[in-house]
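Chemist: Here you go, this is start13.txt (compact mmCIF, C-alpha atoms).
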```txt
# COMPACT_ATOMS: atom_id res chain seq x y z
CA MET E 1 -21.57 -42.90 204.66
CA VAL E 2 -19.24 -42.31 207.62
CA LEU E 3 -16.32 -42.79 205.26
CA ALA E 4 -17.75 -40.27 202.82
CA VAL E 5 -18.14 -37.68 205.60
CA MET E 6 -14.61 -38.34 206.82
CA GLU E 7 -13.29 -38.01 203.30
CA ALA E 8 -15.17 -34.74 202.80
CA SER E 9 -13.83 -33.29 206.05
CA PHE E 10 -10.33 -34.52 205.11
CA GLN E 11 -10.63 -32.66 201.81
CA ARG E 12 -11.92 -29.51 203.52
CA ALA E 13 -8.98 -29.68 205.90
CA ARG E 14 -6.52 -29.47 203.01
CA ARG E 15 -5.50 -25.90 202.32
CA PRO E 16 -5.64 -24.71 198.69
CA GLU E 17 -1.89 -24.17 198.54
CA GLN E 18 -1.32 -27.75 199.69
CA LYS E 19 -3.61 -29.00 196.94
CA ASP E 20 -1.84 -26.84 194.38
CA GLN E 21 1.50 -28.22 195.57
CA ARG E 22 0.21 -31.79 195.22
CA ARG E 23 -0.96 -31.09 191.66
CA GLU E 24 2.46 -29.67 190.84
CA ASP E 25 4.16 -32.75 192.33
CA ILE E 26 2.01 -35.04 190.20
CA LEU E 27 2.71 -33.07 187.01
CA ALA E 28 6.44 -32.95 187.75
CA ALA E 29 6.60 -36.71 188.40
CA ALA E 30 4.58 -37.46 185.24
CA GLY E 31 6.95 -35.28 183.20
CA ARG E 32 10.06 -36.88 184.68
CA LEU E 33 8.78 -40.40 184.01
CA ALA E 34 7.80 -39.50 180.43
CA LEU E 35 11.27 -38.09 179.76
CA GLU E 36 12.80 -41.34 181.05
CA SER E 37 10.54 -43.92 179.38
CA GLY E 38 8.33 -42.11 176.88
CA VAL E 39 4.77 -40.98 177.67
CA ALA E 40 3.25 -44.09 176.05
CA ARG E 41 4.97 -46.34 178.58
CA VAL E 42 4.06 -44.52 181.82
CA SER E 43 1.04 -45.80 183.76
CA LEU E 44 -1.09 -44.07 186.40
CA GLY E 45 0.43 -46.52 188.88
CA ASP E 46 3.95 -45.38 187.95
CA ILE E 47 2.99 -41.75 188.55
CA ALA E 48 1.27 -42.55 191.87
CA ALA E 49 4.33 -44.51 193.06
CA ALA E 50 6.67 -41.66 192.09
CA VAL E 51 4.74 -39.15 194.25
CA GLY E 52 4.08 -41.67 197.05
CA LEU E 53 0.29 -41.66 196.72
CA ALA E 54 -2.34 -44.31 196.08
CA LYS E 55 -3.76 -44.25 192.55
CA SER E 56 -7.17 -43.30 193.96
CA ASN E 57 -5.54 -40.33 195.64
CA VAL E 58 -3.94 -39.12 192.38
CA LEU E 59 -7.40 -39.29 190.79
CA ARG E 60 -8.65 -36.62 193.23
CA TYR E 61 -6.42 -34.18 191.38
CA PHE E 62 -6.79 -35.36 187.79
CA GLY E 63 -9.61 -37.43 186.33
CA THR E 64 -7.33 -39.88 184.48
CA ARG E 65 -3.70 -40.51 183.51
CA GLU E 66 -4.46 -38.92 180.14
CA GLU E 67 -5.76 -35.74 181.82
CA ILE E 68 -2.45 -35.40 183.65
CA TYR E 69 -0.60 -35.55 180.35
CA LEU E 70 -3.06 -33.29 178.54
CA GLN E 71 -2.45 -30.69 181.25
CA LEU E 72 1.30 -31.15 180.85
CA ALA E 73 0.96 -30.82 177.06
CA MET E 74 -0.58 -27.35 177.51
CA ARG E 75 2.19 -26.24 179.88
CA GLU E 76 5.00 -27.55 177.71
CA GLY E 77 3.18 -26.24 174.65
CA ASN E 78 3.11 -22.75 176.16
CA GLU E 79 6.88 -22.90 176.56
CA TRP E 80 7.21 -24.18 173.01
CA ALA E 81 5.02 -21.33 171.70
CA ALA E 82 6.94 -18.69 173.69
CA ALA E 83 10.24 -19.94 172.25
CA ALA E 84 8.84 -20.15 168.72
CA LEU E 85 7.32 -16.65 168.93
CA ALA E 86 10.54 -15.13 170.27
CA ALA E 87 12.61 -16.72 167.47
CA LEU E 88 10.03 -15.80 164.80
CA ARG E 89 10.12 -12.12 165.82
CA GLY E 90 13.68 -11.87 164.49
CA ALA E 91 13.11 -14.17 161.51
CA SER E 92 12.56 -13.41 157.85
CA GLY E 93 11.92 -15.96 155.10
CA PHE E 94 11.04 -19.65 154.93
CA SER E 95 14.39 -21.02 156.10
CA ALA E 96 14.58 -18.83 159.23
CA THR E 97 10.93 -19.57 159.99
CA ALA E 98 11.58 -23.28 159.69
CA ALA E 99 14.63 -23.01 161.96
CA ALA E 100 12.56 -21.13 164.59
CA LEU E 101 9.87 -23.83 164.67
CA ALA E 102 12.28 -26.78 164.42
CA ASP E 103 14.52 -25.49 167.23
CA ALA E 104 11.56 -24.81 169.53
CA TYR E 105 10.59 -28.48 169.11
CA ALA E 106 14.03 -30.12 169.06
CA ASP E 107 15.00 -28.29 172.29
CA ARG E 108 11.94 -29.79 174.05
CA PRO E 109 11.86 -33.60 173.91
CA LEU E 110 9.05 -33.80 176.48
CA TYR E 111 6.79 -31.58 174.37
CA CYS E 112 7.75 -33.53 171.23
CA ASP E 113 6.68 -36.73 172.96
CA LEU E 114 3.41 -35.23 174.25
CA THR E 115 2.39 -33.69 170.92
CA THR E 116 3.26 -36.97 169.15
CA HIS E 117 0.66 -38.75 171.28
CA ALA E 118 -1.95 -35.97 171.57
CA GLU E 119 -4.58 -37.15 169.09
CA THR E 120 -3.89 -40.89 169.28
CA MET E 121 -3.67 -41.25 173.06
CA LEU E 122 -4.04 -38.15 175.26
CA GLU E 123 -7.40 -37.10 173.80
CA HIS E 124 -8.80 -40.51 174.72
CA ASN E 125 -10.11 -41.37 178.19
CA VAL E 126 -10.60 -37.72 179.23
CA SER E 127 -13.73 -35.71 180.09
CA VAL E 128 -15.56 -33.39 177.70
CA ALA E 129 -14.61 -30.47 179.98
CA ALA E 130 -10.89 -31.33 179.82
CA LEU E 131 -11.11 -31.72 176.03
CA ARG E 132 -12.81 -28.33 175.66
CA VAL E 133 -9.98 -26.61 177.57
CA TYR E 134 -7.34 -28.48 175.57
CA LYS E 135 -8.88 -27.94 172.12
CA LEU E 136 -9.45 -24.22 172.70
CA TRP E 137 -5.86 -23.90 173.91
CA ALA E 138 -4.55 -25.82 170.86
CA ILE E 139 -6.53 -23.70 168.38
CA ASP E 140 -5.42 -20.47 170.05
CA THR E 141 -1.76 -21.58 170.10
CA TYR E 142 -1.73 -22.75 166.46
CA PHE E 143 -3.25 -19.46 165.28
CA THR E 144 -1.09 -17.25 167.50
CA VAL E 145 2.12 -18.86 166.21
CA GLY E 146 0.57 -18.98 162.72
CA ARG E 147 0.01 -15.21 162.71
CA GLN E 148 3.60 -14.57 163.76
CA ILE E 149 4.73 -16.78 160.86
CA THR E 150 3.00 -14.41 158.43
CA THR E 151 5.14 -11.49 159.61
CA ALA E 152 8.28 -13.55 158.87
CA CYS E 153 6.78 -14.84 155.60
CA PRO E 154 4.46 -12.13 154.20
CA GLN E 155 3.61 -14.38 151.23
CA LEU E 156 1.62 -16.62 153.59
CA THR E 157 -1.90 -16.09 154.94
CA ASP E 158 -3.02 -16.65 158.55
CA THR E 159 -4.48 -19.99 157.48
CA ASP E 160 -1.15 -20.94 155.85
CA GLY E 161 0.59 -20.07 159.12
CA ALA E 162 -1.69 -22.31 161.17
CA SER E 163 -1.33 -25.05 158.51
CA LEU E 164 2.46 -24.79 158.81
CA VAL E 165 2.24 -25.29 162.58
CA MET E 166 0.10 -28.39 161.94
CA ALA E 167 2.64 -29.63 159.38
CA ALA E 168 5.52 -29.06 161.81
CA SER E 169 3.74 -31.01 164.53
CA ALA E 170 3.02 -33.81 162.01
CA PHE E 171 6.73 -34.04 161.13
CA VAL E 172 7.56 -34.14 164.85
CA ALA E 173 5.10 -37.01 165.37
CA LYS E 174 6.78 -38.97 162.57
CA LEU E 175 10.42 -38.10 163.28
CA PHE E 176 10.62 -37.78 167.08
CA PRO E 177 9.85 -41.48 167.81
CA LEU E 178 12.90 -42.36 165.66
CA THR E 179 15.10 -40.62 168.25
CA ARG E 180 13.99 -43.16 170.86
CA PRO E 181 14.16 -46.57 169.23
CA PRO E 182 13.05 -49.51 171.39
CA GLU E 183 15.79 -51.93 172.47
CA ALA E 184 15.22 -54.40 169.62
CA LEU E 185 15.44 -51.62 167.05
CA ARG E 186 18.66 -50.34 168.65
CA GLN E 187 20.09 -53.86 168.22
CA LEU E 188 19.01 -53.95 164.58
CA TYR E 189 20.65 -50.56 163.93
CA GLU E 190 23.90 -51.85 165.44
CA GLN E 191 23.80 -55.00 163.32
CA GLU E 192 22.89 -53.17 160.13
CA PRO E 193 24.15 -49.59 160.10
CA GLU E 194 22.86 -49.11 156.54
CA ILE E 195 19.30 -49.39 157.90
CA ALA E 196 20.08 -46.86 160.65
CA ARG E 197 21.56 -44.44 158.10
CA VAL E 198 18.25 -44.14 156.21
CA PHE E 199 16.57 -42.64 159.28
CA PRO E 200 17.46 -39.02 159.53
CA PRO E 201 18.45 -36.90 162.57
CA LEU E 202 15.59 -34.88 164.09
CA ARG E 203 16.57 -31.20 163.99
CA PRO E 204 17.92 -30.75 160.42
CA THR E 205 15.26 -33.02 158.91
CA LEU E 206 12.50 -31.18 160.75
CA GLN E 207 13.91 -27.88 159.54
CA ARG E 208 14.24 -29.03 155.92
CA MET E 209 10.70 -30.44 155.80
CA ILE E 210 9.12 -27.38 157.46
CA ALA E 211 11.02 -25.07 155.08
CA ALA E 212 9.79 -27.11 152.08
CA THR E 213 6.16 -26.96 153.22
CA ALA E 214 6.39 -23.22 153.97
CA ALA E 215 7.88 -22.50 150.54
CA GLY E 216 5.18 -24.56 148.81
CA LEU E 217 2.11 -23.35 150.73
CA GLN E 218 1.66 -20.19 148.66
CA ALA E 219 1.58 -22.31 145.49
CA THR E 220 -1.64 -23.95 146.75
CA HIS E 221 -3.63 -20.67 146.94
CA MET I 1 8.59 -82.96 179.18
CA VAL I 2 5.67 -85.19 178.20
CA LEU I 3 3.66 -82.08 177.46
CA ALA I 4 6.45 -80.69 175.31
CA VAL I 5 6.58 -83.94 173.30
CA MET I 6 2.80 -83.94 172.89
CA GLU I 7 2.87 -80.36 171.78
CA ALA I 8 5.64 -81.07 169.29
CA SER I 9 3.73 -84.00 167.80
CA PHE I 10 0.56 -81.88 167.69
CA GLN I 11 2.45 -79.24 165.75
CA ARG I 12 3.91 -81.84 163.39
CA ALA I 13 0.41 -83.17 162.77
CA ARG I 14 -0.77 -79.78 161.51
CA ARG I 15 -0.41 -79.55 157.76
CA PRO I 16 1.32 -76.44 156.36
CA GLU I 17 -1.83 -75.28 154.56
CA GLN I 18 -3.78 -75.50 157.82
CA LYS I 19 -1.16 -73.35 159.51
CA ASP I 20 -1.26 -70.85 156.68
CA GLN I 21 -5.04 -70.71 156.94
CA ARG I 22 -4.81 -70.07 160.68
CA ARG I 23 -2.36 -67.21 160.12
CA GLU I 24 -4.72 -65.72 157.55
CA ASP I 25 -7.65 -66.02 159.97
CA ILE I 26 -5.66 -64.20 162.68
CA LEU I 27 -4.64 -61.39 160.32
CA ALA I 28 -8.19 -61.02 159.01
CA ALA I 29 -9.65 -60.85 162.52
CA ALA I 30 -6.99 -58.34 163.64
CA GLY I 31 -7.78 -56.15 160.61
CA ARG I 32 -11.54 -56.33 161.19
CA LEU I 33 -11.19 -55.40 164.86
CA ALA I 34 -8.84 -52.50 164.05
CA LEU I 35 -11.31 -51.14 161.47
CA GLU I 36 -14.06 -51.27 164.11
CA SER I 37 -12.22 -49.86 167.14
CA GLY I 38 -8.85 -48.53 165.97
CA VAL I 39 -5.63 -50.53 166.19
CA ALA I 40 -4.64 -48.86 169.49
CA ARG I 41 -7.69 -50.28 171.24
CA VAL I 42 -7.44 -53.94 170.12
CA SER I 43 -5.76 -56.40 172.51
CA LEU I 44 -4.25 -59.82 171.84
CA GLY I 45 -7.18 -61.22 173.85
CA ASP I 46 -9.67 -59.53 171.50
CA ILE I 47 -7.96 -61.09 168.48
CA ALA I 48 -7.77 -64.53 170.10
CA ALA I 49 -11.48 -64.39 171.01
CA ALA I 50 -12.40 -63.34 167.46
CA VAL I 51 -10.69 -66.42 165.95
CA GLY I 52 -11.80 -68.74 168.77
CA LEU I 53 -8.28 -69.53 170.03
CA ALA I 54 -6.48 -69.18 173.36
CA LYS I 55 -4.00 -66.31 173.47
CA SER I 56 -1.14 -68.82 173.85
CA ASN I 57 -2.30 -70.48 170.66
CA VAL I 58 -2.28 -67.21 168.71
CA LEU I 59 1.31 -66.70 169.91
CA ARG I 60 2.37 -69.86 168.03
CA TYR I 61 1.73 -67.96 164.82
CA PHE I 62 2.92 -64.46 165.75
CA GLY I 63 5.32 -63.52 168.53
CA THR I 64 3.21 -60.64 169.87
CA ARG I 65 0.10 -58.57 169.15
CA GLU I 66 2.40 -55.93 167.61
CA GLU I 67 3.93 -58.50 165.23
CA ILE I 68 0.44 -59.31 163.94
CA TYR I 69 -0.15 -55.64 163.16
CA LEU I 70 3.33 -55.11 161.72
CA GLN I 71 2.62 -57.98 159.32
CA LEU I 72 -0.72 -56.42 158.45
CA ALA I 73 0.96 -53.02 157.93
CA MET I 74 3.20 -54.56 155.23
CA ARG I 75 0.25 -56.19 153.46
CA GLU I 76 -1.90 -53.09 153.55
CA GLY I 77 1.15 -51.02 152.68
CA ASN I 78 1.71 -53.11 149.55
CA GLU I 79 -1.85 -52.36 148.45
CA TRP I 80 -1.30 -48.68 149.23
CA ALA I 81 1.92 -48.65 147.19
CA ALA I 82 0.31 -50.46 144.24
CA ALA I 83 -2.52 -47.90 144.16
CA ALA I 84 -0.13 -44.95 144.53
CA LEU I 85 2.19 -46.28 141.79
CA ALA I 86 -0.72 -46.87 139.39
CA ALA I 87 -2.08 -43.35 139.94
CA LEU I 88 1.40 -41.77 139.70
CA ARG I 89 2.03 -43.40 136.31
CA GLY I 90 -0.62 -41.16 134.78
CA ALA I 91 0.23 -38.09 136.87
CA SER I 92 2.17 -34.97 136.02
CA GLY I 93 2.94 -32.09 138.37
CA PHE I 94 2.69 -31.47 142.11
CA SER I 95 -1.09 -31.35 142.38
CA ALA I 96 -1.67 -34.63 140.52
CA THR I 97 1.14 -36.27 142.52
CA ALA I 98 -0.44 -35.09 145.76
CA ALA I 99 -3.85 -36.39 144.66
CA ALA I 100 -2.36 -39.80 143.83
CA LEU I 101 -0.76 -40.15 147.28
CA ALA I 102 -3.70 -38.64 149.20
CA ASP I 103 -6.27 -40.87 147.49
CA ALA I 104 -4.20 -44.02 148.04
CA TYR I 105 -4.27 -43.21 151.78
CA ALA I 106 -7.80 -41.86 152.15
CA ASP I 107 -9.24 -44.93 150.37
CA ARG I 108 -7.53 -47.21 152.97
CA PRO I 109 -8.52 -46.35 156.56
CA LEU I 110 -6.94 -49.55 157.92
CA TYR I 111 -3.56 -48.67 156.44
CA CYS I 112 -3.93 -45.05 157.64
CA ASP I 113 -4.49 -46.37 161.17
CA LEU I 114 -1.57 -48.83 160.97
CA THR I 115 0.91 -46.30 159.59
CA THR I 116 -0.21 -43.75 162.22
CA HIS I 117 0.87 -46.16 164.95
CA ALA I 118 3.91 -47.73 163.25
CA GLU I 119 6.76 -45.94 165.05
CA THR I 120 4.99 -45.21 168.33
CA MET I 121 3.41 -48.61 168.91
CA LEU I 122 3.89 -51.38 166.33
CA GLU I 123 7.72 -51.20 166.35
CA HIS I 124 7.68 -51.83 170.11
CA ASN I 125 7.39 -55.29 171.66
CA VAL I 126 8.54 -57.11 168.51
CA SER I 127 11.63 -59.21 167.75
CA VAL I 128 14.77 -57.96 165.99
CA ALA I 129 13.99 -60.38 163.15
CA ALA I 130 10.47 -58.97 162.67
CA LEU I 131 11.84 -55.41 162.78
CA ARG I 132 14.47 -56.21 160.14
CA VAL I 133 11.80 -57.50 157.74
CA TYR I 134 9.57 -54.51 158.40
CA LYS I 135 12.27 -51.83 158.14
CA LEU I 136 13.69 -53.26 154.89
CA TRP I 137 10.15 -53.40 153.49
CA ALA I 138 9.47 -49.79 154.57
CA ILE I 139 12.70 -48.46 153.04
CA ASP I 140 12.07 -50.32 149.78
CA THR I 141 8.47 -49.08 149.59
CA TYR I 142 9.33 -45.42 150.35
CA PHE I 143 12.06 -45.40 147.70
CA THR I 144 10.00 -47.27 145.07
CA VAL I 145 7.12 -44.82 145.39
CA GLY I 146 9.64 -41.97 145.73
CA ARG I 147 11.25 -42.86 142.38
CA GLN I 148 7.86 -42.91 140.66
CA ILE I 149 7.19 -39.45 142.09
CA THR I 150 10.26 -38.13 140.26
CA THR I 151 8.79 -39.15 136.89
CA ALA I 152 5.63 -37.14 137.69
CA CYS I 153 7.70 -34.27 139.12
CA PRO I 154 11.04 -34.17 137.24
CA GLN I 155 12.16 -31.19 139.38
CA LEU I 156 12.46 -33.56 142.36
CA THR I 157 15.32 -35.95 143.16
CA ASP I 158 14.94 -39.57 144.38
CA THR I 159 15.62 -38.34 147.93
CA ASP I 160 12.93 -35.67 147.55
CA GLY I 161 10.53 -38.38 146.42
CA ALA I 162 11.21 -40.53 149.48
CA SER I 163 10.98 -37.41 151.69
CA LEU I 164 7.59 -36.64 150.18
CA VAL I 165 6.35 -40.15 151.05
CA MET I 166 7.58 -39.56 154.61
CA ALA I 167 5.80 -36.19 154.69
CA ALA I 168 2.58 -37.73 153.40
CA SER I 169 2.67 -40.42 156.07
CA ALA I 170 3.34 -37.74 158.72
CA PHE I 171 0.25 -35.79 157.61
CA VAL I 172 -1.77 -39.02 157.73
CA ALA I 173 -0.58 -39.67 161.30
CA LYS I 174 -1.72 -36.18 162.34
CA LEU I 175 -4.96 -35.95 160.35
CA PHE I 176 -6.32 -39.50 160.29
CA PRO I 177 -6.96 -39.71 164.08
CA LEU I 178 -9.22 -36.63 163.70
CA THR I 179 -11.57 -38.74 161.54
CA ARG I 180 -12.19 -41.03 164.50
CA PRO I 181 -12.80 -38.80 167.52
CA PRO I 182 -13.39 -40.57 170.83
CA GLU I 183 -16.93 -40.32 172.26
CA ALA I 184 -16.16 -37.33 174.54
CA LEU I 185 -14.67 -35.40 171.61
CA ARG I 186 -17.72 -36.21 169.48
CA GLN I 187 -19.88 -34.71 172.24
CA LEU I 188 -17.70 -31.59 172.38
CA TYR I 189 -17.96 -31.16 168.59
CA GLU I 190 -21.76 -31.38 168.83
CA GLN I 191 -21.88 -28.81 171.62
CA GLU I 192 -19.44 -26.43 169.95
CA PRO I 193 -19.49 -26.73 166.17
CA GLU I 194 -16.99 -23.87 165.85
CA ILE I 195 -14.36 -26.13 167.44
CA ALA I 196 -15.26 -28.95 165.04
CA ARG I 197 -14.99 -26.60 162.06
CA VAL I 198 -11.31 -25.86 162.73
CA PHE I 199 -10.42 -29.52 162.18
CA PRO I 200 -10.26 -30.19 158.49
CA PRO I 201 -11.55 -33.15 156.43
CA LEU I 202 -8.91 -35.80 155.65
CA ARG I 203 -8.68 -36.14 151.86
CA PRO I 204 -8.54 -32.50 150.67
CA THR I 205 -6.31 -31.41 153.57
CA LEU I 206 -3.94 -34.29 152.94
CA GLN I 207 -3.82 -33.39 149.25
CA ARG I 208 -3.22 -29.68 149.92
CA MET I 209 -0.42 -30.32 152.43
CA ILE I 210 1.32 -32.94 150.24
CA ALA I 211 1.10 -30.60 147.23
CA ALA I 212 2.62 -27.75 149.28
CA THR I 213 5.52 -29.91 150.48
CA ALA I 214 6.15 -31.25 146.98
CA ALA I 215 6.19 -27.74 145.49
CA GLY I 216 8.59 -26.52 148.18
CA LEU I 217 11.04 -29.44 148.25
CA GLN I 218 13.06 -28.24 145.25
CA ALA I 219 13.59 -24.89 147.00
CA THR I 220 15.57 -26.70 149.74
CA HIS I 221 18.22 -28.08 147.34
```
Would you put the structure from the file into structure tokens?
Modeler:
Amino acid sequence: MVLAVMEASFQRARRPEQKDQRREDILAAAGRLALESGVARVSLGDIAAAVGLAKSNVLRYFGTREEIYLQLAMREGNEWAAAALAALRGASGFSATAAALADAYADRPLYCDLTTHAETMLEHNVSVAALRVYKLWAIDTYFTVGRQITTACPQLTDTDGASLVMAASAFVAKLFPLTRPPEALRQLYEQEPEIARVFPPLRPTLQRMIAATAAGLQATH
Amino acid sequence: MVLAVMEASFQRARRPEQKDQRREDILAAAGRLALESGVARVSLGDIAAAVGLAKSNVLRYFGTREEIYLQLAMREGNEWAAAALAALRGASGFSATAAALADAYADRPLYCDLTTHAETMLEHNVSVAALRVYKLWAIDTYFTVGRQITTACPQLTDTDGASLVMAASAFVAKLFPLTRPPEALRQLYEQEPEIARVFPPLRPTLQRMIAATAAGLQATH
């Protein structure tokens, strides 16, 4: 009871800008660690150690490790969407559209990693409230970029545009992990270069596959 | 030293067919648990408990939890390929090709789950030897199914065929996790059906996206 009161007064004593700064520190550390080791291999303890806090203290700012990364996915996703929208504004046709989307991803390895793990990992172990915010953001982002795609590709509908964003993120989830092979796979690639050769480089493969899907979507109407 | 000798003689005493049976029991239990909870949420301890062995005992048969699931991915993948090849033999055109691939996946939730996690999880924490076997199997399977695709779609090259298998598995990795929402997401979908409606059912969406990619691949030549 005494502890609870002390804790409450400690929290009241913290100014909002200090709390905001702490949240930013946590997000920045989580992003840095994910860029180094991959989001799947970063624990809450790693993040806490990187900002010099106890795990319990980090959990005052974010409900779980996954909520930290879901928050980061929305921030990085906003940057991805801004870059994609800017490139799409000057684009015309399937190939230019595909290049706009592929470049916006390939330039952002942290967002590639986060979107790769969104449905399989980051949407697990989070609150309903956090999921609501994330899902509404994701729907809005897919449809906003999707609509811009239809101005570059007038043959496509709004639904096609959103489908193409989904397809692009699916190709990222399949192709991005190949850019970060685990140590044993790196050894195998060195021993047998003909195995390594089968696995294609991210940016051009992403672009080719997105262009193919864009060109074929109208055929499915 | 005495223990090592005892262990060696214990292993010698085991007949090969008993060891084979034990391996089968482990694979069957791992598959059952993955179907129930999803492969990402099954631990080596869960598998050991399900077959009534100590974890250290399971590790005499497979090097790691991931090696168990990589082995299972090849078995389930062989069944997937056999079904896809059989359906492709009678198929002609992009839509029938897409239906053959989509059905072979949608009928096999365990393989969908395993292929979703192949690059991000199952290829980590395994030996170089296990990776070599798996990668050679994966290349062979992609190209075998890819070649059969070119007889159903003569406009496509062998490389297009293998690319289409990659695309199909990318769509599975993005769409299959949506069929198994975590509890909090299930609650959100109940509270806000308009969010649930945006996320499409697996089989028809898979078929539509594969058909689109197939139809567009020739345009990228």
Chemist: Give as number ranges by chain every residue, naming chains and numbers as the document does, that has an atom within 12 Å of (-7.0, -56.4, 172.8), counting all atoms listed in the file.
Modeler: I: 29-30, 33-34, 37-50, 55, 64-66, 68-69
Chemist: Residues of chain I within 9 Å of chain E: nearest atom pair and distance (Å, one decimal) for each, counting only C-alpha atoms, sorted by chain and number, as a Markdown table?
Modeler:
```
| residue | atom | partner | partner_atom | distance |
| --- | --- | --- | --- | --- |
| I:Ala40 | CA | E:Thr120 | CA | 8.0 |
| I:Ser95 | CA | E:Thr220 | CA | 8.6 |
| I:Thr116 | CA | E:Thr120 | CA | 8.5 |
| I:His117 | CA | E:Thr120 | CA | 8.3 |
| I:Glu119 | CA | E:Pro177 | CA | 6.1 |
| I:Thr120 | CA | E:Pro177 | CA | 6.1 |
| I:Met121 | CA | E:Ala40 | CA | 8.5 |
| I:Glu123 | CA | E:Pro182 | CA | 7.5 |
| I:His124 | CA | E:Pro182 | CA | 6.0 |
| I:Asn125 | CA | E:Pro182 | CA | 8.1 |
| I:Val126 | CA | E:Ala184 | CA | 7.3 |
| I:Ser127 | CA | E:Ala184 | CA | 6.3 |
| I:Val128 | CA | E:Ala184 | CA | 5.1 |
| I:Ala129 | CA | E:Leu188 | CA | 8.3 |
| I:Leu131 | CA | E:Leu185 | CA | 6.7 |
| I:Arg132 | CA | E:Leu188 | CA | 6.7 |
| I:Lys135 | CA | E:Ile195 | CA | 7.4 |
| I:Leu136 | CA | E:Ile195 | CA | 7.5 |
| I:Ile139 | CA | E:Val198 | CA | 7.7 |
| I:Ser163 | CA | E:Met209 | CA | 8.1 |
| I:Leu164 | CA | E:Met209 | CA | 8.9 |
| I:Met166 | CA | E:Lys174 | CA | 8.0 |
| I:Ala167 | CA | E:Phe171 | CA | 6.9 |
| I:Ser169 | CA | E:Lys174 | CA | 7.8 |
| I:Ala170 | CA | E:Ala170 | CA | 5.1 |
| I:Phe171 | CA | E:Ala170 | CA | 5.6 |
| I:Val172 | CA | E:Ala170 | CA | 8.3 |
| I:Ala173 | CA | E:Ala170 | CA | 6.9 |
| I:Lys174 | CA | E:Ala170 | CA | 5.3 |
| I:Leu175 | CA | E:Ala170 | CA | 8.4 |
| I:Pro177 | CA | E:Glu119 | CA | 6.1 |
| I:Leu178 | CA | E:Glu119 | CA | 7.1 |
| I:Pro181 | CA | E:His124 | CA | 8.4 |
| I:Pro182 | CA | E:His124 | CA | 6.0 |
| I:Glu183 | CA | E:His124 | CA | 8.5 |
| I:Ala184 | CA | E:Val128 | CA | 5.1 |
| I:Leu185 | CA | E:Val128 | CA | 6.5 |
| I:Arg186 | CA | E:Val128 | CA | 9.0 |
| I:Gln187 | CA | E:Val128 | CA | 7.1 |
| I:Leu188 | CA | E:Val128 | CA | 6.0 |
| I:Glu192 | CA | E:Arg132 | CA | 9.0 |
| I:Ile195 | CA | E:Lys135 | CA | 7.4 |
| I:Val198 | CA | E:Ile139 | CA | 7.7 |
| I:Arg208 | CA | E:Thr220 | CA | 6.7 |
| I:Met209 | CA | E:Thr213 | CA | 7.4 |
| I:Ile210 | CA | E:Thr213 | CA | 8.3 |
| I:Ala211 | CA | E:Thr220 | CA | 7.2 |
| I:Ala212 | CA | E:Gly216 | CA | 4.1 |
| I:Thr213 | CA | E:Thr213 | CA | 4.1 |
| I:Ala214 | CA | E:Gly216 | CA | 7.0 |
| I:Ala215 | CA | E:Gly216 | CA | 4.7 |
| I:Gly216 | CA | E:Gly216 | CA | 4.0 |
| I:Leu217 | CA | E:Ala212 | CA | 4.7 |
| I:Gln218 | CA | E:Ala212 | CA | 7.7 |
| I:Ala219 | CA | E:Ala212 | CA | 6.7 |
| I:Thr220 | CA | E:Ala212 | CA | 6.2 |
```
Chemist: Find the distance between CA of Val51 in chain E and CA of Ile26 in chain E and write it in Å to one decimal.
Modeler: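 Rounded to one decimal, the two atoms are 6.4 Å apart.
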Chemist: What is the CA of Gly90 in chain I to CA of Ala162 in chain I distance in Å?
Modeler: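 Calculated distance between CA of Gly90 in chain I and CA of Ala162 in chain I is 18.9 Å.
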Chemist: Report the distance between CA of Asp160 in chain E and CA of Tyr142 in chain E in Å, rounded to one decimal place.
Modeler: 10.8 Å
Chemist: Of the residues E:Val58, E:Leu114, E:Val145, E:Ala152, which is the one nearest to Met74 in chain E, using only C-alpha atoms?
Modeler: E:Leu114
Chemist: Counting all atoms listed in the file, which of I:Asn57, I:Gln155, I:Ser92, I:Gln71 gets nearest to Leu122 in chain I?
Modeler: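 Using all atoms listed in the file, the shortest distance to Leu122 in chain I belongs to I:Gln71.
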Chemist: Which polymer residues have any atom within 10 Å of an atom of Arg75 in chain E, counting all atoms listed in the file, with same-chain residues fewer than 6 positions away left out, as a ChimeraX atom specification?
Modeler: /E:27,69,81,111
